[in-house]
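Have a look at the structure below, then the notes.
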Amino acid sequence: TESMLDMSRSQEARETLKKFMAREDVRSAIVAQGITPAEADARLASLTDAEVIQLANQIDQLPAGGDLLGLAIAVLVIVILVLVIIRLL
């Protein structure tokens with residue numbers, strides 16, 4: 001019941017992040033920070049469900065139609081999270 005809802009939210013959030021990470025502009029921004037797409041994908045896969053949901057919520061709050069500032073902020077948040085996780089490992 002509640003755990004099923006949590007699992008569903010987590011799966012939806014992971015799908016949102018996968019779609020976001022598949023975008024060419026996002027991939028380019030990550031590569032510009034010195035992170036390969038494979039490294040970024042691996043780090044995202046290692047995030048907890050709560051972290052994934054938080055990131056997906058931030059992405060979902062971006063205005064449709066490509067608000068460049070919002071996109072830049074979202075990419076920056078993801079890059080910072082990935083860098084923090086890399087340093088923890």
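Letters for chains follow the order of the structure tokens (A, B, ...), residue numbers begin at 1 for each chain, and ligand numbers begin at 1 in the order shown.
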Practice problem: Would you mind listing what lies within 9 Å of region 12-18 of chain A as a count of residues only, with only C-alpha atoms counted and same-chain residues fewer than 2 positions away left out? | Solution: 20
Quiz prompt | Test item: residues at most 10 Å from region 73-87 of chain A, only C-alpha atoms, excluding those fewer than 3 positions along its chain, as a ChimeraX atom specification | solution = /A:17,20-21,25-27,29-31,33-35,39-44,46-47,51,55-56,58-62,68-70
Just to be explicit: take each residue in the selection above, keep N, CA and C atoms, and write the result as a compact mmCIF listing (two decimals), in the first residue's frame.
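Saved as again-v7.txt:
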# COMPACT_ATOMS: atom_id res chain seq x y z
N LEU A 17 14.12 11.31 -14.66
CA LEU A 17 15.55 11.61 -14.73
C LEU A 17 16.19 10.99 -15.97
N PHE A 20 15.33 13.17 -18.86
CA PHE A 20 16.07 14.42 -18.76
C PHE A 20 17.53 14.21 -19.16
N MET A 21 18.13 13.14 -18.67
CA MET A 21 19.53 12.86 -18.97
C MET A 21 19.74 12.47 -20.43
N ASP A 25 21.24 18.56 -24.78
CA ASP A 25 21.75 19.74 -24.09
C ASP A 25 22.20 19.42 -22.67
N VAL A 26 21.51 18.50 -22.02
CA VAL A 26 21.90 18.09 -20.67
C VAL A 26 23.20 17.29 -20.73
N ARG A 27 23.28 16.36 -21.68
CA ARG A 27 24.51 15.58 -21.85
C ARG A 27 25.71 16.50 -22.11
N ALA A 29 26.09 19.61 -21.21
CA ALA A 29 26.43 20.35 -19.99
C ALA A 29 27.21 19.48 -19.02
N ILE A 30 26.84 18.22 -18.93
CA ILE A 30 27.54 17.30 -18.03
C ILE A 30 28.96 17.03 -18.53
N VAL A 31 29.10 16.81 -19.83
CA VAL A 31 30.43 16.59 -20.41
C VAL A 31 31.30 17.82 -20.22
N GLN A 33 31.38 19.63 -17.77
CA GLN A 33 31.85 19.63 -16.39
C GLN A 33 32.89 18.52 -16.15
N GLY A 34 33.25 17.79 -17.20
CA GLY A 34 34.27 16.75 -17.08
C GLY A 34 33.74 15.40 -16.64
N ILE A 35 32.43 15.20 -16.79
CA ILE A 35 31.81 13.93 -16.39
C ILE A 35 31.30 13.25 -17.65
N GLU A 39 29.36 7.89 -16.57
CA GLU A 39 29.57 8.17 -15.14
C GLU A 39 28.32 8.81 -14.53
N ALA A 40 27.75 9.76 -15.24
CA ALA A 40 26.55 10.44 -14.74
C ALA A 40 25.41 9.44 -14.57
N ASP A 41 25.23 8.56 -15.56
CA ASP A 41 24.17 7.54 -15.47
C ASP A 41 24.39 6.62 -14.27
N ALA A 42 25.64 6.21 -14.07
CA ALA A 42 25.95 5.32 -12.95
C ALA A 42 25.70 6.01 -11.61
N ARG A 43 26.07 7.27 -11.52
CA ARG A 43 25.86 8.01 -10.27
C ARG A 43 24.37 8.23 -10.02
N LEU A 44 23.62 8.53 -11.06
CA LEU A 44 22.18 8.69 -10.88
C LEU A 44 21.53 7.39 -10.43
N SER A 46 22.82 5.28 -8.56
CA SER A 46 23.18 5.01 -7.18
C SER A 46 22.47 5.93 -6.18
N LEU A 47 21.70 6.90 -6.66
CA LEU A 47 20.98 7.80 -5.76
C LEU A 47 19.88 7.05 -5.01
N GLU A 51 16.41 10.97 -2.97
CA GLU A 51 17.19 11.90 -3.79
C GLU A 51 16.66 11.95 -5.22
N LEU A 55 15.11 15.31 -7.07
CA LEU A 55 15.60 15.81 -8.36
C LEU A 55 14.50 15.85 -9.41
N ALA A 56 13.72 14.78 -9.48
CA ALA A 56 12.64 14.72 -10.47
C ALA A 56 11.62 15.83 -10.21
N GLN A 58 12.23 18.74 -8.94
CA GLN A 58 12.83 20.00 -9.39
C GLN A 58 12.75 20.12 -10.90
N ILE A 59 12.97 19.03 -11.59
CA ILE A 59 12.88 19.05 -13.05
C ILE A 59 11.44 19.29 -13.49
N ASP A 60 10.50 18.63 -12.82
CA ASP A 60 9.08 18.78 -13.17
C ASP A 60 8.58 20.20 -12.96
N GLN A 61 9.22 20.94 -12.07
CA GLN A 61 8.79 22.31 -11.78
C GLN A 61 9.31 23.31 -12.82
N LEU A 62 10.21 22.87 -13.70
CA LEU A 62 10.70 23.76 -14.75
C LEU A 62 9.56 24.09 -15.70
N LEU A 68 15.62 28.64 -20.22
CA LEU A 68 17.05 28.37 -20.17
C LEU A 68 17.63 28.50 -18.78
N LEU A 69 17.20 29.48 -18.03
CA LEU A 69 17.71 29.65 -16.67
C LEU A 69 17.30 28.46 -15.81
N GLY A 70 16.07 28.04 -15.93
CA GLY A 70 15.60 26.88 -15.16
C GLY A 70 16.35 25.62 -15.54
